[in-house]
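See below for the structure under consideration.
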Amino acid sequence: MSFLRIQNISHTYFTKKSAKTALSSISLDIEEGSFISFLGPSGCGKTTLLSIISGLLNPSSGQVLVEGRPIQEAEEPLIGYMLQQDYLFPWKTIEENILLGLRILNKSNEISRKKTFRLLKEIGLEGTENQYPKQLSGGMKQRVALVRTLAADPKLLLLDEPFSALDFQTKLRLEDLVSATLKSFGKTAILVTHDIGEAIAMSDTICLFSSNPGQIYKQISVPEQLRNLTPFEARAHPEYASLFQTVWKELENLEK
Amino acid sequence: MSFLRIQNISHTYFTKKSAKTALSSISLDIEEGSFISFLGPSGCGKTTLLSIISGLLNPSSGQVLVEGRPIQEAEEPLIGYMLQQDYLFPWKTIEENILLGLRILNKSNEISRKKTFRLLKEIGLEGTENQYPKQLSGGMKQRVALVRTLAADPKLLLLDEPFSALDFQTKLRLEDLVSATLKSFGKTAILVTHDIGEAIAMSDTICLFSSNPGQIYKQISVPEQLRNLTPFEARAHPEYASLFQTVWKELENLEK
Amino acid sequence: GKEEVQKIRVAEVTRSIFYAPQYVAIEKGFFKEEGLEIDLKTTPGGDKTMTALLSNGADVALVGSETSIYVSAQGSKDPVINFAQLTQTDGTFLVSRNKVDNFSWDQLKGSTFLGQRKGGMPQMAGEFVLKKNGIDPHNDLTLIQNIDYANIATAFASGTGDYVQLFEPTASVFEKEGKGHIIASFGTESGHIPYTTFMAKESFLKDKQDTAEKFTRAVYKAQKWVYEHSAEETAKAIQSFFPDTDLELIETVVDRYKKQESFAKNPILDKEEWNNLQNIMEDAGELPKRISHDSLVNTEIAQQVTKK
Amino acid sequence: MKSKSTHIEQLHKQYIESLIREKRIVRTYQLFIFAFFFSVWELSSRLEWVDPLIFSSPSKIIELLLTKIQDGSIFTHIGYTVFETILGFILGTLSGTLLAAILWWSPLVSKVLDPYLVILNAMPKVALGPILIVALGPGFTSIIAMGAIISVIITTIVVYTSFREVDPNYMKVLQTFGASRFVCFKEAILPACFPTIISTLKVNVGLSWVGVIVGEFLVSQQGLGYLIIYGFQVFNFSLVLMSLLIIAVFATIMYQLVEYLERKMIKSSNQ
Amino acid sequence: MKSKSTHIEQLHKQYIESLIREKRIVRTYQLFIFAFFFSVWELSSRLEWVDPLIFSSPSKIIELLLTKIQDGSIFTHIGYTVFETILGFILGTLSGTLLAAILWWSPLVSKVLDPYLVILNAMPKVALGPILIVALGPGFTSIIAMGAIISVIITTIVVYTSFREVDPNYMKVLQTFGASRFVCFKEAILPACFPTIISTLKVNVGLSWVGVIVGEFLVSQQGLGYLIIYGFQVFNFSLVLMSLLIIAVFATIMYQLVEYLERKMIKSSNQ
Ligand SMILES: Nc1ncnc2c1ncn2[C@@H]1O[C@H](COP(=O)(O)OP(=O)(O)OP(=O)(O)O)[C@@H](O)[C@H]1O
Ligand SMILES: Nc1ncnc2c1ncn2[C@@H]1O[C@H](COP(=O)(O)OP(=O)(O)OP(=O)(O)O)[C@@H](O)[C@H]1O
Ligand SMILES: [Mg+2]
Ligand SMILES: [Mg+2]
């Protein structure tokens, strides 16, 4: 049985006057330890789908099962969800922000705290512990939000454009970091991105979405050779370029 | 005399307890009609510099001259500044949001309004006129903010990561659109981006920033052949790949 | 053996020199002599005083007798009984803006008269006096009755009205400051009425009759004391209750009240006074229904006390 | 495709029905509380759990109200008070918002006046009676002024606070278009604060009633505040409570009007 | 590099100096307004532009205050009132915030109670005097209750409004960590609303004073409210105005304490 089963999910946003269908009949099975990317035009419902998977939003129909059970019934929180904007708590210092998850989950101890601070260091933000979010730049805040999500050590990671505000170098470094972290602990992850290269370099499967209403248009498997490389190495691999072309074409088709 | 002169700008952020130097001795001359990109690590002060150029922030020292005069003394607003986040007014419809600049500048008339709606259409958001920002996805909001900035028809355009939340296709289309619009009206533009490819494809000059404190590390001229191509075509040009490598190396150096 | 000191909670409707004998009784230790300890609270307004009494927040209330009639007219299982009278005339004065030499009530005709607020004893007594002197208060003069008790003086001082009906010490202050001239006393004109009276619930009087008697005795002692001593002595005795008023002013006021016998000479509230009160109320259109003297007044205690 | 769109329409209908159903539940609970309150009151008054002299009872109050409706006198009283309250409300809210705008306009003025606002806010307004009477005479205007005074400072403080809390980036957007401080205020600060202003309005509706009633305590021979004072004077608590209930009814009506205004003005809140 | 960092230090010193300078200017203006107000008052009273009997004058008030300080009586009055006010303030604020939390907790309860809150808000609390006396007796507790009652509903409404306006995405962040509604409240809603709560606190400081003074109008034998009522009674407006001024002073002190609290608690506002 798959780790995560998305069964026939549809979602429509209602207001008193209008109805807008964001997702229609999405079904998807995701194995434990795999890495999925969602690619698709802006407004096709990717954020909506993540919200539904995380249990924050109830879909109009369909259900999501994690390890065979609805997400709400999980004994302990399995999911780490990094929202499309950082939503750091402005009244907490960076340190308080990143330790928040641990504290709420009652997992705060010497070891987990040390691990979190190491993450902060690896992500290039050592020394900002006592600052407040508004003293950081956009990209720095995004990285702090990533640390906050990773720190809680979730089994399933939902990342909504986590690297969008980062410079290229930092982005590559973080891709490697996240990828290594996930692989070594066998975690499952879903990544929303607009960067085809990122999707190819990081994931095992790429889901292409079409819009109006949001649907899965195609699933593309990333070849074995690429999967076992770090994202940085993957970008240099010859297979990468050809897969980039394929995905690119598919997206072109989608536009029509 | 250059259109925009940035003279020895330094900026330090103060709080009661601390001081953080974000920019140090930045000087730069920008010709009318040229397109400059700012590339650099997260937190190196790019947003700060744009704020100073736009006149929203007073630098600790140095001055900015537009057409030989301080920006505050300009008779009519010359500058269009698109902030790093969209900041659409949540209580205004999309239509009201994009027409806002025109209205404030008293330039609202049949023609300018038509032009603005055409822009909205070209950018792929026809039909959203009567919706409110929170009904749109992240990328859609960013595009609306771009239309709002372009609609006011500024002479100097400051764009802070305008394409960060967009899917690849849309991004390419918008790059072409913005580039064509600017070229045909001979406008000057400064673009902050983290995408090396984007910087190369769109600009005439690329400024590389180093951080702590933010300084201009290097200016790289984009070869004539690339400049005359649309961003989309430029990406396919052989010069593109080699320039990409150069910039990439420089940024690597910077990290050390 | 020594009797235990008994605590009596008294709620007074306002702090006024008009109630001088009460303060004398406290200050001169008349209550103490009877083995009573008085816990005096000011509960501004007859409604609050009566509420305090009805809800057992106070044992004894010092308030206008008309209140007991209002209460009883609405029916009450444990009626409020008047048992000791403290003042026996109205306490207000007619103050004129201009100096008047040969005052006659007729001069009020056609003038603007700033009266007390409707429904209260001062207003009823005021109208009663006007009528008694042949003036129809609603036709012969412009009657202003819309101002709160505490603000009437201000309104007059800032130019409203030719004549005003004022309490002490305001009337004396106005005279002293040259803002007006006291030209008549409503107290003298109204005749004897039960104006302010100590009241308690019937059950209290029944259960603790001897306490009520002690209380009344102390009041009676004070009443006698006030008439046996000079106004100056009285003023001195009660000064601690009026810390921010000139001793001289207190004396003037005490003297004025004493002269017109506003302070009751004994705590007995007799039938004649009672009916006079009801007549005045009836005239003013505020009497809900006539209530007999013996159902709301207990004269036994007072009589007992004064006999000795 | 057709079947799909009708499916959505159906879902939409369900959604709207669920909204209606929720509203019905809310109304039921409200009615229940209402009925419960009044029946407990009536009962405990009848059984003398509470002193019926002080607490009166719903039936007595209704009886009294009916006689007052028959002789028509109640309408004059209501008319007076409602008129005064509306005027006081409008005056208080407008001048409070205006003051807040001035404070926002000039940071220096706001810093200088800050402690004075506090002091004014802490002044027991009832004690200002004499000053009002001297300044405005013992009449109508004093009452209306009392209704306005009681809400103006609180409005100023609350609205000014919310002005200051608007994300400065909205102003930046406008400034890049060369907007003046006035335009920034009109386009960003004011609309961003509409929810707060409206919620202050809702509070002010209440305060104006309090103010006018207190004003009527000071000077009046008409109006519900007068009835209350008179009721106290003649120890007729049925009259007092009747007036309080009428105030409750009218305050609710005014509140509903403000809410209606809210729905009209804050269009974007159509979630 | 050394010279550079000292340069920055110098700039930083300049920055802090400019903050101090601004504060000094503000203080100067405030003092000026203060002096102006009192001298105009003194003057117009001396020259009888206003009636000195009603408006008294600063010199007379100071004189009175001095005698009261000498005999020590003023301290008892102040002590009583301050104590009552602090209790009323704490009670009102705490229960208001608690009520707001309950409303936030249960959307149904909040919808059901909404109109009732409005009605309670519009009730002239002064008219509740007799009911308080019945419930709590003619004493201390009634006064404190009045101080609390007058601020509790307004606190509830304002704080609840701000609870609702917190960006729901902060709650989402916490929910992804499996946070319960209580944790969400504690970690996101409450701290996000601290600025509003503190600004309500500032308003409540004022309201509690008003409440306690009004309470002392109902029942008392001590306290500044008693002095006011008594001052009216014996037509001694110096006494009334002196009491009002003392109230102003103490309200300001309490306000400053709340501000101090604000600085301590809202650490992140160190712009
Ligand atoms: N709260 C809402 N109310 C109404 N419509 C909404 C709401 N949120 C999203 N939508 C609509 O649902 C659709 C999908 O939105 P969603 O945010 O999931 O897109 P997305 O794929 O994440 O886009 P992007 O890549 O631009 O972030 C959009 O058309 C949007 O207009
Ligand atoms: N308001 C502020 N107060 C204090 N420090 C600030 C403030 N704004 C920015 N900084 C600091 O100034 C530096 C530059 O910030 P800036 O936002 O200009 O960076 P950036 O180049 O735009 O980064 P990014 O690409 O991540 O958006 C950062 O180190 C940041 O911590
Ligand atoms: Mg999205
Ligand atoms: Mg930036």
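Labels used: A, B, ... for chains in the order of the structure tokens, numbers from 1 for residues in each chain, and numbers from 1 for ligands as shown.
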
Within 7 Å of ligand 1 (counting only C-alpha atoms and all ligand atoms), which residues show up? I'd like them as a JSON list (two decimals) with all heavy atoms, in the first residue's frame.
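Written output follows (pocket.json):
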```json
[["chain", "number", "residue", "atom", "x", "y", "z"],
["A", 13, "TYR", "N", -13.80, 26.48, -4.92],
["A", 13, "TYR", "CA", -13.89, 27.60, -3.98],
["A", 13, "TYR", "C", -15.24, 28.29, -4.17],
["A", 13, "TYR", "O", -15.61, 28.63, -5.29],
["A", 13, "TYR", "CB", -12.79, 28.63, -4.23],
["A", 13, "TYR", "CG", -11.43, 28.20, -3.74],
["A", 13, "TYR", "CD1", -10.44, 27.82, -4.65],
["A", 13, "TYR", "CD2", -11.12, 28.22, -2.39],
["A", 13, "TYR", "CE1", -9.17, 27.45, -4.20],
["A", 13, "TYR", "CE2", -9.86, 27.85, -1.94],
["A", 13, "TYR", "CZ", -8.90, 27.46, -2.85],
["A", 13, "TYR", "OH", -7.66, 27.10, -2.41],
["A", 14, "PHE", "N", -15.93, 28.48, -3.07],
["A", 14, "PHE", "CA", -17.23, 29.14, -3.18],
["A", 14, "PHE", "C", -17.19, 30.52, -2.55],
["A", 14, "PHE", "O", -16.57, 30.73, -1.51],
["A", 14, "PHE", "CB", -18.30, 28.33, -2.43],
["A", 14, "PHE", "CG", -18.62, 27.03, -3.09],
["A", 14, "PHE", "CD1", -18.28, 25.83, -2.49],
["A", 14, "PHE", "CD2", -19.25, 27.02, -4.32],
["A", 14, "PHE", "CE1", -18.57, 24.63, -3.10],
["A", 14, "PHE", "CE2", -19.55, 25.81, -4.94],
["A", 14, "PHE", "CZ", -19.21, 24.62, -4.32],
["A", 20, "LYS", "N", -15.53, 28.60, -8.10],
["A", 20, "LYS", "CA", -14.36, 28.45, -8.97],
["A", 20, "LYS", "C", -13.72, 27.09, -8.69],
["A", 20, "LYS", "O", -13.27, 26.82, -7.58],
["A", 20, "LYS", "CB", -13.39, 29.59, -8.67],
["A", 20, "LYS", "CG", -11.94, 29.32, -8.98],
["A", 20, "LYS", "CD", -11.54, 29.89, -10.33],
["A", 20, "LYS", "CE", -10.27, 29.20, -10.83],
["A", 20, "LYS", "NZ", -9.97, 29.44, -12.22],
["A", 21, "THR", "N", -13.75, 26.23, -9.68],
["A", 21, "THR", "CA", -13.19, 24.91, -9.48],
["A", 21, "THR", "C", -11.68, 24.95, -9.67],
["A", 21, "THR", "O", -11.19, 25.25, -10.75],
["A", 21, "THR", "CB", -13.80, 23.90, -10.46],
["A", 21, "THR", "OG1", -15.20, 23.87, -10.27],
["A", 21, "THR", "CG2", -13.22, 22.52, -10.22],
["A", 22, "ALA", "N", -10.95, 24.68, -8.59],
["A", 22, "ALA", "CA", -9.49, 24.77, -8.64],
["A", 22, "ALA", "C", -8.88, 23.42, -8.98],
["A", 22, "ALA", "O", -7.85, 23.35, -9.64],
["A", 22, "ALA", "CB", -8.96, 25.28, -7.31],
["A", 40, "GLY", "N", 3.51, 23.25, -13.09],
["A", 40, "GLY", "CA", 2.30, 23.61, -13.81],
["A", 40, "GLY", "C", 2.10, 25.11, -13.82],
["A", 40, "GLY", "O", 2.71, 25.82, -13.02],
["A", 41, "PRO", "N", 1.26, 25.58, -14.72],
["A", 41, "PRO", "CA", 1.06, 27.02, -14.86],
["A", 41, "PRO", "C", 0.57, 27.65, -13.55],
["A", 41, "PRO", "O", -0.03, 26.99, -12.72],
["A", 41, "PRO", "CB", 0.02, 27.15, -15.97],
["A", 41, "PRO", "CG", -0.50, 25.80, -16.21],
["A", 41, "PRO", "CD", 0.48, 24.82, -15.69],
["A", 42, "SER", "N", 0.85, 28.90, -13.44],
["A", 42, "SER", "CA", 0.40, 29.65, -12.28],
["A", 42, "SER", "C", -1.12, 29.60, -12.18],
["A", 42, "SER", "O", -1.83, 29.78, -13.17],
["A", 42, "SER", "CB", 0.89, 31.10, -12.45],
["A", 42, "SER", "OG", 0.25, 31.94, -11.58],
["A", 43, "GLY", "N", -1.63, 29.31, -11.00],
["A", 43, "GLY", "CA", -3.07, 29.28, -10.80],
["A", 43, "GLY", "C", -3.72, 27.96, -11.14],
["A", 43, "GLY", "O", -4.94, 27.88, -11.23],
["A", 44, "CYS", "N", -2.89, 26.88, -11.31],
["A", 44, "CYS", "CA", -3.50, 25.61, -11.69],
["A", 44, "CYS", "C", -3.92, 24.80, -10.48],
["A", 44, "CYS", "O", -4.46, 23.71, -10.61],
["A", 44, "CYS", "CB", -2.54, 24.80, -12.56],
["A", 44, "CYS", "SG", -1.15, 24.16, -11.64],
["A", 45, "GLY", "N", -3.66, 25.30, -9.28],
["A", 45, "GLY", "CA", -4.18, 24.62, -8.10],
["A", 45, "GLY", "C", -3.15, 23.87, -7.29],
["A", 45, "GLY", "O", -3.50, 23.04, -6.45],
["A", 46, "LYS", "N", -1.88, 24.15, -7.50],
["A", 46, "LYS", "CA", -0.84, 23.41, -6.78],
["A", 46, "LYS", "C", -0.89, 23.71, -5.29],
["A", 46, "LYS", "O", -0.88, 22.79, -4.46],
["A", 46, "LYS", "CB", 0.55, 23.79, -7.34],
["A", 46, "LYS", "CG", 0.69, 23.54, -8.83],
["A", 46, "LYS", "CD", 2.05, 23.92, -9.36],
["A", 46, "LYS", "CE", 2.37, 25.40, -9.27],
["A", 46, "LYS", "NZ", 1.55, 26.28, -10.09],
["A", 47, "THR", "N", -0.99, 24.98, -4.96],
["A", 47, "THR", "CA", -1.07, 25.34, -3.55],
["A", 47, "THR", "C", -2.32, 24.76, -2.91],
["A", 47, "THR", "O", -2.29, 24.24, -1.79],
["A", 47, "THR", "CB", -1.05, 26.88, -3.39],
["A", 47, "THR", "OG1", 0.17, 27.38, -3.93],
["A", 47, "THR", "CG2", -1.16, 27.28, -1.93],
["A", 48, "THR", "N", -3.40, 24.80, -3.65],
["A", 48, "THR", "CA", -4.64, 24.22, -3.15],
["A", 48, "THR", "C", -4.47, 22.74, -2.82],
["A", 48, "THR", "O", -4.89, 22.27, -1.77],
["A", 48, "THR", "CB", -5.76, 24.40, -4.20],
["A", 48, "THR", "OG1", -5.83, 25.77, -4.57],
["A", 48, "THR", "CG2", -7.10, 23.94, -3.67],
["A", 49, "LEU", "N", -3.81, 22.03, -3.72],
["A", 49, "LEU", "CA", -3.63, 20.59, -3.50],
["A", 49, "LEU", "C", -2.76, 20.34, -2.26],
["A", 49, "LEU", "O", -3.07, 19.47, -1.44],
["A", 49, "LEU", "CB", -2.99, 19.95, -4.74],
["A", 49, "LEU", "CG", -2.86, 18.43, -4.70],
["A", 49, "LEU", "CD1", -4.20, 17.76, -4.38],
["A", 49, "LEU", "CD2", -2.33, 17.89, -6.03],
["B", 134, "LYS", "N", -7.22, 38.25, -3.16],
["B", 134, "LYS", "CA", -7.09, 36.99, -2.45],
["B", 134, "LYS", "C", -7.73, 35.82, -3.20],
["B", 134, "LYS", "O", -7.53, 34.67, -2.82],
["B", 134, "LYS", "CB", -7.67, 37.10, -1.05],
["B", 134, "LYS", "CG", -9.15, 37.18, -0.99],
["B", 134, "LYS", "CD", -9.62, 36.88, 0.41],
["B", 134, "LYS", "CE", -11.06, 37.28, 0.53],
["B", 134, "LYS", "NZ", -11.33, 38.35, 1.41],
["B", 135, "GLN", "N", -8.43, 36.12, -4.28],
["B", 135, "GLN", "CA", -8.98, 35.03, -5.08],
["B", 135, "GLN", "C", -7.97, 34.53, -6.12],
["B", 135, "GLN", "O", -8.26, 33.62, -6.87],
["B", 135, "GLN", "CB", -10.27, 35.49, -5.77],
["B", 135, "GLN", "CG", -11.40, 35.72, -4.79],
["B", 135, "GLN", "CD", -12.60, 36.31, -5.47],
["B", 135, "GLN", "OE1", -12.65, 37.51, -5.75],
["B", 135, "GLN", "NE2", -13.59, 35.49, -5.77],
["B", 136, "LEU", "N", -6.82, 35.18, -6.20],
["B", 136, "LEU", "CA", -5.82, 34.78, -7.19],
["B", 136, "LEU", "C", -4.71, 33.98, -6.54],
["B", 136, "LEU", "O", -4.46, 34.08, -5.35],
["B", 136, "LEU", "CB", -5.23, 36.02, -7.84],
["B", 136, "LEU", "CG", -6.20, 36.97, -8.54],
["B", 136, "LEU", "CD1", -5.42, 38.04, -9.28],
["B", 136, "LEU", "CD2", -7.12, 36.22, -9.49],
["B", 137, "SER", "N", -4.01, 33.21, -7.36],
["B", 137, "SER", "CA", -2.86, 32.47, -6.85],
["B", 137, "SER", "C", -1.66, 33.40, -6.75],
["B", 137, "SER", "O", -1.68, 34.53, -7.24],
["B", 137, "SER", "CB", -2.55, 31.31, -7.78],
["B", 137, "SER", "OG", -1.92, 31.80, -8.94],
["B", 138, "GLY", "N", -0.59, 32.91, -6.10],
["B", 138, "GLY", "CA", 0.60, 33.73, -5.88],
["B", 138, "GLY", "C", 1.16, 34.33, -7.16],
["B", 138, "GLY", "O", 1.44, 35.53, -7.23],
["B", 139, "GLY", "N", 1.31, 33.51, -8.19],
["B", 139, "GLY", "CA", 1.89, 34.00, -9.43],
["B", 139, "GLY", "C", 0.99, 34.99, -10.14],
["B", 139, "GLY", "O", 1.46, 35.95, -10.76],
["B", 140, "MET", "N", -0.31, 34.78, -10.02],
["B", 140, "MET", "CA", -1.26, 35.69, -10.65],
["B", 140, "MET", "C", -1.15, 37.08, -10.02],
["B", 140, "MET", "O", -1.16, 38.11, -10.70],
["B", 140, "MET", "CB", -2.68, 35.14, -10.52],
["B", 140, "MET", "CG", -2.93, 33.91, -11.40],
["B", 140, "MET", "SD", -4.30, 32.90, -10.76],
["B", 140, "MET", "CE", -5.66, 33.53, -11.71],
["B", 165, "ALA", "N", 7.66, 34.04, -8.80],
["B", 165, "ALA", "CA", 6.60, 33.08, -8.47],
["B", 165, "ALA", "C", 5.93, 32.51, -9.73],
["B", 165, "ALA", "O", 4.82, 32.00, -9.67],
["B", 165, "ALA", "CB", 5.56, 33.73, -7.57],
["B", 166, "LEU", "N", 6.59, 32.66, -10.86],
["B", 166, "LEU", "CA", 5.93, 32.25, -12.11],
["B", 166, "LEU", "C", 6.47, 30.92, -12.62],
["B", 166, "LEU", "O", 7.63, 30.57, -12.41],
["B", 166, "LEU", "CB", 6.17, 33.32, -13.17],
["B", 166, "LEU", "CG", 5.62, 34.70, -12.81],
["B", 166, "LEU", "CD1", 5.93, 35.68, -13.93],
["B", 166, "LEU", "CD2", 4.13, 34.62, -12.55],
["B", 167, "ASP", "N", 5.62, 30.23, -13.34],
["B", 167, "ASP", "CA", 6.09, 29.01, -13.99],
["B", 167, "ASP", "C", 6.97, 29.39, -15.17],
["B", 167, "ASP", "O", 6.94, 30.51, -15.66],
["B", 167, "ASP", "CB", 4.91, 28.16, -14.43],
["B", 167, "ASP", "CG", 4.01, 28.90, -15.38],
["B", 167, "ASP", "OD1", 3.29, 29.81, -14.91],
["B", 167, "ASP", "OD2", 4.02, 28.60, -16.58]]
```

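All residues of protein, DNA or RNA that reach within 6 Å of segment 34-48 of chain E, judged by only C-alpha atoms and not counting those fewer than 3 positions away in the chain, are Leu31, Asp51, Pro52, Ser57 and Pro58 of chain E.
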
Would you mind listing, for every residue of chain E within 8 Å of chain D, the two atoms forming the shortest contact and the distance between them in Å to one decimal, using only C-alpha atoms, sorted by chain and ascending residue number, as a Markdown table?
```
| residue | atom | partner | partner_atom | distance |
| --- | --- | --- | --- | --- |
| E:Val26 | CA | D:Val112 | CA | 5.4 |
| E:Arg27 | CA | D:Val112 | CA | 7.2 |
| E:Tyr29 | CA | D:Val112 | CA | 6.5 |
| E:Gln30 | CA | D:Val112 | CA | 5.6 |
| E:Ile54 | CA | D:Pro130 | CA | 7.9 |
| E:Leu108 | CA | D:Val26 | CA | 7.0 |
| E:Lys111 | CA | D:Val26 | CA | 6.6 |
| E:Val112 | CA | D:Val26 | CA | 5.3 |
| E:Leu113 | CA | D:Gln30 | CA | 7.3 |
| E:Pro115 | CA | D:Thr252 | CA | 7.0 |
| E:Val118 | CA | D:Thr252 | CA | 6.6 |
| E:Ile119 | CA | D:Ala248 | CA | 5.2 |
| E:Leu120 | CA | D:Ala248 | CA | 7.8 |
| E:Asn121 | CA | D:Gly206 | CA | 5.2 |
| E:Ala122 | CA | D:Gly206 | CA | 3.6 |
| E:Met123 | CA | D:Val210 | CA | 6.5 |
| E:Pro124 | CA | D:Val210 | CA | 4.5 |
| E:Lys125 | CA | D:Val210 | CA | 7.5 |
| E:Val126 | CA | D:Val214 | CA | 7.9 |
| E:Ala127 | CA | D:Ile228 | CA | 7.6 |
| E:Pro130 | CA | D:Ile54 | CA | 7.8 |
| E:Ile131 | CA | D:Ile54 | CA | 7.8 |
| E:Ile154 | CA | D:Val203 | CA | 6.8 |
| E:Ile157 | CA | D:Val203 | CA | 7.7 |
| E:Val158 | CA | D:Ser199 | CA | 7.5 |
| E:Thr161 | CA | D:Ser199 | CA | 7.5 |
| E:Ser199 | CA | D:Val158 | CA | 7.4 |
| E:Thr200 | CA | D:Val158 | CA | 7.9 |
| E:Lys202 | CA | D:Val118 | CA | 7.7 |
| E:Val203 | CA | D:Ile154 | CA | 6.8 |
| E:Val205 | CA | D:Ala122 | CA | 6.9 |
| E:Gly206 | CA | D:Ala122 | CA | 3.6 |
| E:Leu207 | CA | D:Ala122 | CA | 6.2 |
| E:Ser208 | CA | D:Ala122 | CA | 7.9 |
| E:Trp209 | CA | D:Ala122 | CA | 5.9 |
| E:Val210 | CA | D:Pro124 | CA | 4.5 |
| E:Gly211 | CA | D:Pro124 | CA | 7.9 |
| E:Ile213 | CA | D:Pro124 | CA | 6.8 |
| E:Val214 | CA | D:Pro124 | CA | 7.6 |
| E:Ile228 | CA | D:Ala127 | CA | 7.6 |
| E:Leu244 | CA | D:Met123 | CA | 7.0 |
| E:Ile247 | CA | D:Met123 | CA | 7.3 |
| E:Ala248 | CA | D:Ile119 | CA | 5.2 |
| E:Val249 | CA | D:Ile119 | CA | 7.7 |
| E:Ala251 | CA | D:Ala122 | CA | 6.2 |
| E:Thr252 | CA | D:Ile119 | CA | 6.1 |
| E:Tyr255 | CA | D:Val118 | CA | 7.3 |
```

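Our summary of the geometry notes that atom CA of Phe185 of chain D is positioned 24.8 Å from atom CA of Ser112 of chain B.
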
Distance filter 10 Å, only C-alpha atoms, chain C against chain D, as number ranges by chain: C: 45-48, 50-51, 54-55, 66-77, 117-121, 144-160, 286-288

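When only C-alpha atoms and all ligand atoms are used to measure the gap to ligand 3, the shortest distance among A:Ser164, A:Ser61, A:Asn130, A:Thr93 belongs to A:Ser164.
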
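Inside segment 51-179 of chain B, the residues DSSP reads as strand (DSSP E) when given the backbone are B:Ser61, B:Gly62, B:Gln63, B:Val64, B:Leu65, B:Val66, B:Arg69, B:Pro70, B:Ile79, B:Gly80, B:Tyr81, B:Met82, B:Leu156, B:Leu157, B:Leu158, B:Leu159, B:Asp160.
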
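Selecting chain A residues within 8 Å of chain D and counting only C-alpha atoms yields Thr12, Phe14, Thr15, Lys16, Ser18 and Ala19 of chain A.
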
Chain D on chain E, all Cα pairs in order, RMSD: 0.2 Å

Test item: residues at most 10 Å from Tyr257 of chain C, only C-alpha atoms, excluding those fewer than 2 positions along its chain, as a ChimeraX atom specification: /C:17-20,87,89-92,168,185,187-188,231,251-255,259-263
